[in-house]
file run04.cif (mmCIF, C-alpha atoms)
data_my_file
#
loop_
_atom_site.label_atom_id
_atom_site.label_comp_id
_atom_site.auth_asym_id
_atom_site.auth_seq_id
_atom_site.Cartn_x
_atom_site.Cartn_y
_atom_site.Cartn_z
CA MET A 1 46.90 27.97 -33.39
CA SER A 2 47.70 30.00 -36.48
CA GLY A 3 45.33 32.93 -35.99
CA ALA A 4 45.98 36.08 -38.05
CA VAL A 5 47.67 38.93 -36.19
CA SER A 6 46.73 42.50 -37.22
CA SER A 7 48.65 45.68 -36.45
CA ASN A 8 47.15 49.02 -35.51
CA ASP A 9 48.98 51.82 -33.59
CA SER A 10 51.48 49.47 -32.00
CA ARG A 11 48.62 47.15 -30.83
CA LEU A 12 48.46 43.51 -31.93
CA THR A 13 45.30 41.33 -31.52
CA CYS A 14 44.78 37.62 -31.96
CA SER A 15 41.59 37.75 -34.06
CA LYS A 16 40.84 33.99 -34.12
CA CYS A 17 40.49 33.46 -30.35
CA PRO A 18 37.13 33.30 -28.63
CA TRP A 19 38.17 36.08 -26.33
CA TYR A 20 40.61 38.76 -27.55
CA LYS A 21 43.73 39.73 -25.77
CA THR A 22 45.36 42.95 -26.86
CA ALA A 23 48.95 43.86 -26.13
CA THR A 24 50.75 47.13 -26.60
CA ILE A 25 54.19 46.52 -28.07
CA ALA A 26 57.16 48.45 -29.26
CA ARG A 27 58.36 47.80 -32.77
CA ASN A 28 61.60 45.97 -31.99
CA GLY A 29 62.75 42.38 -31.98
CA ASP A 30 62.57 41.93 -28.19
CA ALA A 31 59.02 43.16 -28.11
CA LEU A 32 57.97 40.87 -30.94
CA GLU A 33 59.66 37.95 -29.16
CA ASN A 34 57.75 38.84 -25.98
CA LEU A 35 54.52 39.00 -28.02
CA SER A 36 55.20 35.58 -29.50
CA ALA A 37 55.77 34.10 -26.05
CA SER A 38 52.64 35.80 -24.74
CA GLN A 39 50.59 34.47 -27.64
CA SER A 40 52.01 30.99 -27.14
CA VAL A 41 50.97 30.98 -23.46
CA HIS A 42 47.55 32.38 -24.36
CA HIS A 43 46.98 29.72 -27.01
CA ARG A 44 48.02 26.92 -24.67
CA ILE A 45 45.54 28.19 -22.08
CA GLN A 46 42.89 28.41 -24.74
CA ALA A 47 43.64 24.86 -25.96
CA ASP A 48 43.43 23.54 -22.39
CA LYS A 49 40.04 25.25 -22.04
CA MET A 50 38.81 23.66 -25.25
CA ARG A 51 40.03 20.22 -24.16
CA SER A 52 38.21 20.62 -20.81
CA VAL A 53 35.01 21.65 -22.56
CA SER A 54 35.32 18.72 -24.98
CA LEU A 55 35.90 16.27 -22.13
CA PHE A 56 32.91 17.66 -20.22
CA SER A 57 30.75 17.37 -23.34
CA LEU A 58 31.83 13.79 -23.91
CA LEU A 59 31.06 12.88 -20.30
CA THR A 60 27.67 14.58 -20.55
CA VAL A 61 26.81 12.73 -23.74
CA ALA A 62 28.00 9.43 -22.29
CA SER A 63 25.91 9.98 -19.16
CA THR A 64 22.84 10.86 -21.22
CA VAL A 65 23.23 7.80 -23.42
CA THR A 66 23.72 5.55 -20.38
CA CYS A 67 20.59 6.92 -18.66
CA ALA A 68 18.56 6.62 -21.84
CA ALA A 69 19.71 3.05 -22.33
CA ALA A 70 18.84 2.18 -18.73
CA GLN A 71 15.43 3.79 -19.06
CA ASP A 72 14.79 1.97 -22.32
CA LYS A 73 15.84 -1.30 -20.73
CA THR A 74 13.44 -0.71 -17.83
CA SER A 75 10.59 0.15 -20.17
CA ASN A 76 11.04 -3.15 -21.98
CA VAL A 77 10.83 -5.27 -18.82
CA ASP A 78 7.63 -7.28 -18.40
CA PRO A 79 5.78 -5.54 -15.53
CA PHE A 80 4.66 -8.94 -14.26
CA GLU A 81 8.32 -9.66 -13.54
CA GLN A 82 8.58 -6.62 -11.26
CA TRP A 83 7.32 -8.44 -8.17
CA HIS A 84 8.42 -7.37 -4.69
CA LYS A 85 7.10 -8.56 -1.36
CA PRO A 86 5.64 -5.90 0.94
CA GLU A 87 8.15 -3.96 3.02
CA ALA A 88 7.83 -2.69 6.58
CA GLY A 89 5.04 -0.12 6.73
CA HIS A 90 3.23 -1.46 3.66
CA VAL A 91 -0.34 -2.69 4.07
CA ARG A 92 -2.40 -5.39 2.40
CA GLY A 93 -6.05 -6.40 2.57
CA PRO A 94 -8.44 -9.34 2.15
CA CYS A 95 -8.51 -9.28 -1.67
CA PRO A 96 -5.80 -11.53 -3.17
CA PHE A 97 -6.02 -9.71 -6.51
CA LEU A 98 -5.50 -6.19 -5.17
CA ASN A 99 -2.64 -7.47 -2.99
CA THR A 100 -1.09 -9.07 -6.06
CA PHE A 101 -1.39 -5.88 -8.11
CA ALA A 102 0.33 -3.91 -5.33
CA ASN A 103 3.16 -6.47 -5.18
CA HIS A 104 3.71 -6.06 -8.92
CA GLY A 105 3.52 -2.26 -8.76
CA PHE A 106 0.31 -1.87 -10.75
CA LEU A 107 -1.10 -0.25 -7.61
CA PRO A 108 1.00 1.74 -5.11
CA ARG A 109 3.36 -0.80 -3.55
CA THR A 110 2.67 0.63 -0.11
CA GLY A 111 -1.00 -0.33 -0.50
CA LYS A 112 -1.89 3.15 0.73
CA TYR A 113 -3.70 6.23 -0.58
CA ILE A 114 -5.11 4.54 -3.68
CA THR A 115 -7.09 7.04 -5.77
CA GLN A 116 -9.65 6.27 -8.45
CA LYS A 117 -7.01 7.05 -11.09
CA ASP A 118 -4.54 4.69 -9.39
CA LEU A 119 -7.12 1.93 -9.42
CA ALA A 120 -8.25 2.54 -13.00
CA ASP A 121 -4.68 2.71 -14.36
CA GLY A 122 -3.54 -0.31 -12.36
CA LEU A 123 -6.46 -2.56 -13.23
CA PHE A 124 -6.22 -1.61 -16.89
CA ARG A 125 -2.50 -2.40 -17.09
CA ALA A 126 -2.79 -5.59 -15.09
CA VAL A 127 -6.00 -7.25 -16.30
CA ASN A 128 -7.52 -4.92 -18.92
CA PHE A 129 -10.42 -3.63 -16.81
CA ASP A 130 -12.22 -0.76 -18.49
CA ALA A 131 -12.69 2.58 -16.70
CA ASN A 132 -16.35 1.95 -15.85
CA ILE A 133 -15.78 -1.23 -13.87
CA SER A 134 -12.83 0.37 -12.07
CA ALA A 135 -15.08 3.28 -11.06
CA PHE A 136 -17.71 0.76 -9.98
CA LEU A 137 -15.22 -1.05 -7.73
CA PHE A 138 -13.68 2.18 -6.43
CA ASP A 139 -17.03 3.44 -5.14
CA PHE A 140 -17.28 0.34 -2.95
CA ALA A 141 -13.64 0.36 -1.88
CA VAL A 142 -13.56 4.03 -0.85
CA SER A 143 -16.60 3.42 1.38
CA THR A 144 -14.32 1.41 3.69
CA ASN A 145 -12.15 4.44 4.46
CA PRO A 146 -13.22 5.62 7.93
CA GLU A 147 -12.33 9.20 6.98
CA PRO A 148 -15.51 10.94 5.72
CA ASN A 149 -15.68 12.16 2.11
CA SER A 150 -12.42 10.45 1.23
CA THR A 151 -11.12 10.28 -2.32
CA TRP A 152 -8.76 7.38 -1.64
CA PHE A 153 -8.55 4.12 0.26
CA SER A 154 -5.81 1.85 1.56
CA LEU A 155 -5.86 -1.91 1.22
CA ASP A 156 -6.08 -2.45 4.97
CA HIS A 157 -9.33 -0.43 5.03
CA LEU A 158 -10.92 -3.33 3.16
CA THR A 159 -10.47 -5.57 6.21
CA ARG A 160 -13.16 -3.67 8.16
CA HIS A 161 -15.62 -6.43 8.99
CA ASN A 162 -19.08 -6.41 7.46
CA VAL A 163 -18.45 -3.34 5.31
CA LEU A 164 -17.25 -5.27 2.27
CA GLU A 165 -15.19 -7.96 4.02
CA HIS A 166 -17.43 -10.82 5.08
CA ASP A 167 -17.59 -14.17 6.84
CA ALA A 168 -17.42 -17.37 4.75
CA SER A 169 -14.45 -16.19 2.70
CA LEU A 170 -12.89 -18.71 0.32
CA SER A 171 -9.37 -18.01 1.59
CA ARG A 172 -9.60 -16.01 4.83
CA ALA A 173 -10.65 -16.84 8.36
CA ASP A 174 -13.85 -15.31 9.70
CA ALA A 175 -13.25 -12.15 11.73
CA PHE A 176 -14.08 -14.11 14.90
CA HIS A 177 -11.11 -16.43 14.28
CA GLY A 178 -8.40 -14.21 12.82
CA PRO A 179 -7.25 -11.41 10.50
CA ALA A 180 -8.58 -11.05 6.98
CA ASP A 181 -5.40 -9.70 5.38
CA VAL A 182 -3.60 -13.06 5.27
CA LEU A 183 -4.45 -16.42 3.73
CA ASN A 184 -5.91 -18.97 6.11
CA GLU A 185 -4.65 -22.41 5.16
CA ALA A 186 -7.62 -24.35 6.54
CA ALA A 187 -10.16 -22.18 4.74
CA PHE A 188 -8.34 -22.24 1.41
CA THR A 189 -7.61 -25.96 1.55
CA GLU A 190 -11.33 -26.60 2.05
CA THR A 191 -12.14 -24.39 -0.93
CA LEU A 192 -9.61 -26.13 -3.19
CA SER A 193 -11.02 -29.53 -2.29
CA TYR A 194 -14.17 -28.68 -4.28
CA TYR A 195 -12.31 -27.56 -7.39
CA GLY A 196 -11.40 -29.96 -10.16
CA ASP A 197 -8.40 -29.38 -12.42
CA THR A 198 -10.62 -26.92 -14.27
CA LEU A 199 -12.61 -24.58 -12.09
CA ASP A 200 -16.10 -23.80 -13.38
CA VAL A 201 -19.38 -22.28 -12.21
CA LYS A 202 -20.61 -25.48 -10.55
CA SER A 203 -17.45 -26.16 -8.53
CA GLY A 204 -17.17 -22.48 -7.67
CA ALA A 205 -20.72 -22.39 -6.29
CA THR A 206 -20.20 -25.68 -4.44
CA ALA A 207 -17.16 -24.28 -2.65
CA ILE A 208 -19.08 -21.16 -1.62
CA VAL A 209 -21.92 -23.18 -0.11
CA ALA A 210 -19.47 -25.49 1.69
CA ARG A 211 -17.59 -22.56 3.22
CA MET A 212 -20.87 -21.06 4.45
CA LYS A 213 -21.83 -24.31 6.10
CA THR A 214 -18.43 -24.66 7.81
CA CYS A 215 -18.42 -21.07 9.06
CA LYS A 216 -21.96 -21.31 10.41
CA ALA A 217 -20.93 -24.38 12.40
CA THR A 218 -17.66 -22.96 13.77
CA ASN A 219 -18.25 -19.23 14.20
CA PRO A 220 -20.66 -18.20 17.00
CA THR A 221 -20.85 -14.66 15.57
CA TYR A 222 -21.35 -15.73 11.96
CA SER A 223 -23.28 -13.26 9.81
CA LEU A 224 -23.65 -12.55 6.13
CA SER A 225 -25.39 -9.46 4.79
CA ASP A 226 -27.06 -9.29 1.40
CA LEU A 227 -24.15 -7.17 0.16
CA GLY A 228 -21.63 -9.64 1.58
CA GLU A 229 -23.40 -12.50 -0.16
CA ALA A 230 -23.39 -10.59 -3.45
CA PHE A 231 -19.68 -9.96 -3.06
CA ILE A 232 -18.96 -13.67 -2.47
CA LEU A 233 -20.63 -14.54 -5.76
CA GLY A 234 -19.05 -11.58 -7.57
CA GLU A 235 -15.57 -12.47 -6.33
CA THR A 236 -15.87 -16.02 -7.65
CA ALA A 237 -17.27 -14.82 -10.98
CA ALA A 238 -14.45 -12.28 -11.27
CA PHE A 239 -11.43 -14.44 -10.49
CA ILE A 240 -12.62 -17.30 -12.70
CA SER A 241 -13.24 -14.90 -15.58
CA ILE A 242 -9.96 -13.00 -15.15
CA LEU A 243 -7.71 -16.03 -14.72
CA GLY A 244 -9.56 -18.12 -17.29
CA ASP A 245 -12.21 -17.70 -19.96
CA ALA A 246 -14.86 -15.06 -19.29
CA LYS A 247 -17.19 -16.58 -21.91
CA THR A 248 -17.23 -20.12 -20.54
CA ILE A 249 -16.46 -19.00 -16.97
CA THR A 250 -13.76 -21.62 -16.50
CA ALA A 251 -10.18 -21.39 -15.25
CA ASP A 252 -7.17 -23.59 -14.57
CA LYS A 253 -7.10 -24.52 -10.88
CA LYS A 254 -3.29 -24.17 -10.83
CA LEU A 255 -3.50 -20.48 -11.73
CA VAL A 256 -6.09 -19.80 -9.04
CA GLU A 257 -4.08 -21.60 -6.37
CA TYR A 258 -0.83 -19.93 -7.43
CA LEU A 259 -2.25 -16.41 -7.24
CA PHE A 260 -3.99 -16.92 -3.90
CA ARG A 261 -0.91 -18.50 -2.29
CA THR A 262 1.87 -16.32 -3.72
CA LEU A 263 0.01 -13.08 -4.49
CA SER A 264 1.75 -12.93 -7.83
CA LEU A 265 1.03 -13.51 -11.51
CA TRP A 266 3.64 -14.88 -13.88
CA SER A 267 3.28 -15.28 -17.62
CA GLU A 268 5.40 -18.45 -17.42
CA LEU A 269 2.37 -20.25 -15.97
CA GLY A 270 0.50 -19.76 -19.22
CA TRP A 271 -1.59 -16.81 -18.10
CA LYS A 272 -1.52 -13.51 -19.98
CA ARG A 273 -3.35 -10.23 -19.74
CA PRO A 274 -6.72 -10.58 -21.50
CA ASP A 275 -6.89 -9.01 -24.96
CA SER A 276 -10.54 -8.04 -24.52
CA ALA A 277 -11.58 -5.47 -21.95
CA PHE A 278 -13.30 -6.73 -18.81
CA THR A 279 -16.44 -4.66 -18.24
CA THR A 280 -19.16 -4.22 -15.65
CA ASP A 281 -21.59 -6.00 -17.96
CA ILE A 282 -19.29 -9.05 -18.18
CA LEU A 283 -18.89 -9.12 -14.39
CA LEU A 284 -22.63 -8.88 -13.68
CA SER A 285 -23.46 -11.45 -16.35
CA SER A 286 -20.94 -13.89 -14.86
CA LEU A 287 -22.29 -13.16 -11.39
CA GLU A 288 -25.82 -14.04 -12.51
CA THR A 289 -24.58 -17.34 -13.93
CA VAL A 290 -22.82 -18.18 -10.66
CA GLU A 291 -25.92 -17.09 -8.73
CA THR A 292 -28.16 -19.54 -10.59
CA GLU A 293 -25.87 -22.45 -9.74
CA TYR A 294 -25.40 -21.15 -6.19
CA HIS A 295 -29.12 -21.35 -5.44
CA LYS A 296 -29.27 -24.85 -6.86
CA GLN A 297 -26.54 -25.81 -4.41
CA LEU A 298 -28.25 -24.07 -1.50
CA ASN A 299 -31.55 -25.82 -2.20
CA ALA A 300 -29.76 -29.16 -2.45
CA THR A 301 -28.25 -28.66 1.03
CA SER A 302 -31.28 -27.09 2.72
CA GLN A 303 -29.44 -23.78 3.16
CA ALA A 304 -31.77 -21.72 0.99
CA ARG A 305 -31.79 -18.01 1.83
CA LYS A 306 -34.68 -15.66 1.32
CA ARG A 307 -34.09 -13.83 -1.95
CA SER A 308 -34.89 -10.17 -2.42
CA GLY A 309 -33.89 -9.64 -6.02
CA GLY A 310 -30.87 -10.66 -8.05
CA TYR A 311 -27.38 -10.10 -6.67
CA ALA A 312 -26.33 -8.05 -9.67
CA ASP A 313 -29.22 -5.70 -8.94
CA ARG A 314 -28.20 -5.57 -5.29
CA LEU A 315 -24.71 -4.44 -6.22
CA LEU A 316 -26.04 -1.77 -8.56
CA LEU A 317 -28.45 -0.48 -5.93
CA ALA A 318 -25.77 -0.53 -3.25
CA ARG A 319 -23.45 1.46 -5.49
CA GLN A 320 -26.20 3.97 -6.24
CA SER A 321 -26.73 4.40 -2.51
CA LEU A 322 -23.01 5.04 -1.98
CA ARG A 323 -22.96 7.72 -4.66
CA SER A 324 -26.10 9.54 -3.45
#

call {"tool": "encode", "arguments": {"input": "run04.cif", "output": "structure tokens"}}
result
Amino acid sequence: MSGAVSSNDSRLTCSKCPWYKTATIARNGDALENLSASQSVHHRIQADKMRSVSLFSLLTVASTVTCAAAQDKTSNVDPFEQWHKPEAGHVRGPCPFLNTFANHGFLPRTGKYITQKDLADGLFRAVNFDANISAFLFDFAVSTNPEPNSTWFSLDHLTRHNVLEHDASLSRADAFHGPADVLNEAAFTETLSYYGDTLDVKSGATAIVARMKTCKATNPTYSLSDLGEAFILGETAAFISILGDAKTITADKKLVEYLFRTLSLWSELGWKRPDSAFTTDILLSSLETVETEYHKQLNATSQARKRSGGYADRLLLARQSLRS
């Protein structure tokens, strides 16, 4: 360093240093030589300090840049590629879609303590559900939590028989035969046998009626409440509309089979998140279309059930009852 040195009453100070060191000196050559040596040591110490600070700053900047780059890289990853199978302690339920969303991280991966906000955010990011339909579904889901006045549910709560979970599932065994949180190959194979390459309202309704007939014949405790029946029709209307075209209510059979079997959704299969929001009105309209075909199928097989109003109305009334 070449800092200026000032003199005042035999005291010399290095005025350019961050911290000042003052030395009392005698005005002779030896003293000045000692001062020069002292200043040299001081400046070397100061230079070492500056180098340490500079190195620390560089490391800090490098670390910040690295973290920012990693975060940016993560933010650019397709969320549908972030699939992980459930780990020990995680729970899943009877709904293939909710299980899929948990596997992708749209819902808590544990499958536990799902709040209304969790459900609304997850369904919006995954399949573009609007807030109203998420609230509609949450009111039903939270009713399965055995803890009174709960504000959350876990996916395994949905397996409670005859609350929302029901006999005659398209992909699960009846409660009499086995658990509802895993796919039952016999049940799902039967369902698929009624689907063509393109799944539509007619084939969807036909599969529902066939599963009812099979379960009645094989399950001595078979039962199906009005709410359970409404959910069967609503589930079919929903997964066809979400995986396919909500206007025509058609879907590619391959997408349906892939999701139910693997509990995952991949854009490589040709599916993408719908651009238009999926609303309660769309769901109930699709349900009514499936219901019309469903009753045609029931009448054709002599399985007609006594009707007490439309199934869309039943769901709305059931939800109103839950909220009162």

call {"tool": "resolve_selection", "arguments": {"input": "run04.cif", "expression": "the PyMOL selection byres ((chain A and resi 173) around 12)", "output": "PyMOL selection string"}}
result
chain A and resi 94+159+161+165-172+174-190+211-212+214-215+218-219+222

call {"tool": "closest_residue", "arguments": {"input": "run04.cif", "among": "A:His104, A:His84, A:Lys202, A:Arg92", "to": "Lys296 of chain A", "atoms": "only C-alpha atoms"}}
result
A:Lys202

call {"tool": "closest_residue", "arguments": {"input": "run04.cif", "among": "A:Ala230, A:Val209, A:Ala131, A:Ile114", "to": "Ala312 of chain A", "atoms": "only C-alpha atoms"}}
result
A:Ala230

call {"tool": "closest_residue", "arguments": {"input": "run04.cif", "among": "A:Ala126, A:Thr248, A:Phe101, A:Leu158", "to": "Ser143 of chain A", "atoms": "all atoms listed in the file"}}
result
A:Leu158

call {"tool": "atom_distance", "arguments": {"input": "run04.cif", "atom1": "atom CA of Glu291 of chain A", "atom2": "atom CA of Leu224 of chain A"}}
result
15.7 Å

call {"tool": "closest_residue", "arguments": {"input": "run04.cif", "among": "A:Thr206, A:Pro79, A:Leu243, A:Asn103", "to": "Thr262 of chain A", "atoms": "only C-alpha atoms"}}
result
A:Asn103

call {"tool": "residues_around", "arguments": {"input": "run04.cif", "residues": "segment 269-282 of chain A", "least_positions_apart": "2", "cutoff": "9 Å", "atoms": "all atoms listed in the file", "output": "NGL selection string"}}
result
:A and (124-134 or 136 or 241-244 or 246-247 or 254-255 or 265-267 or 284-287)
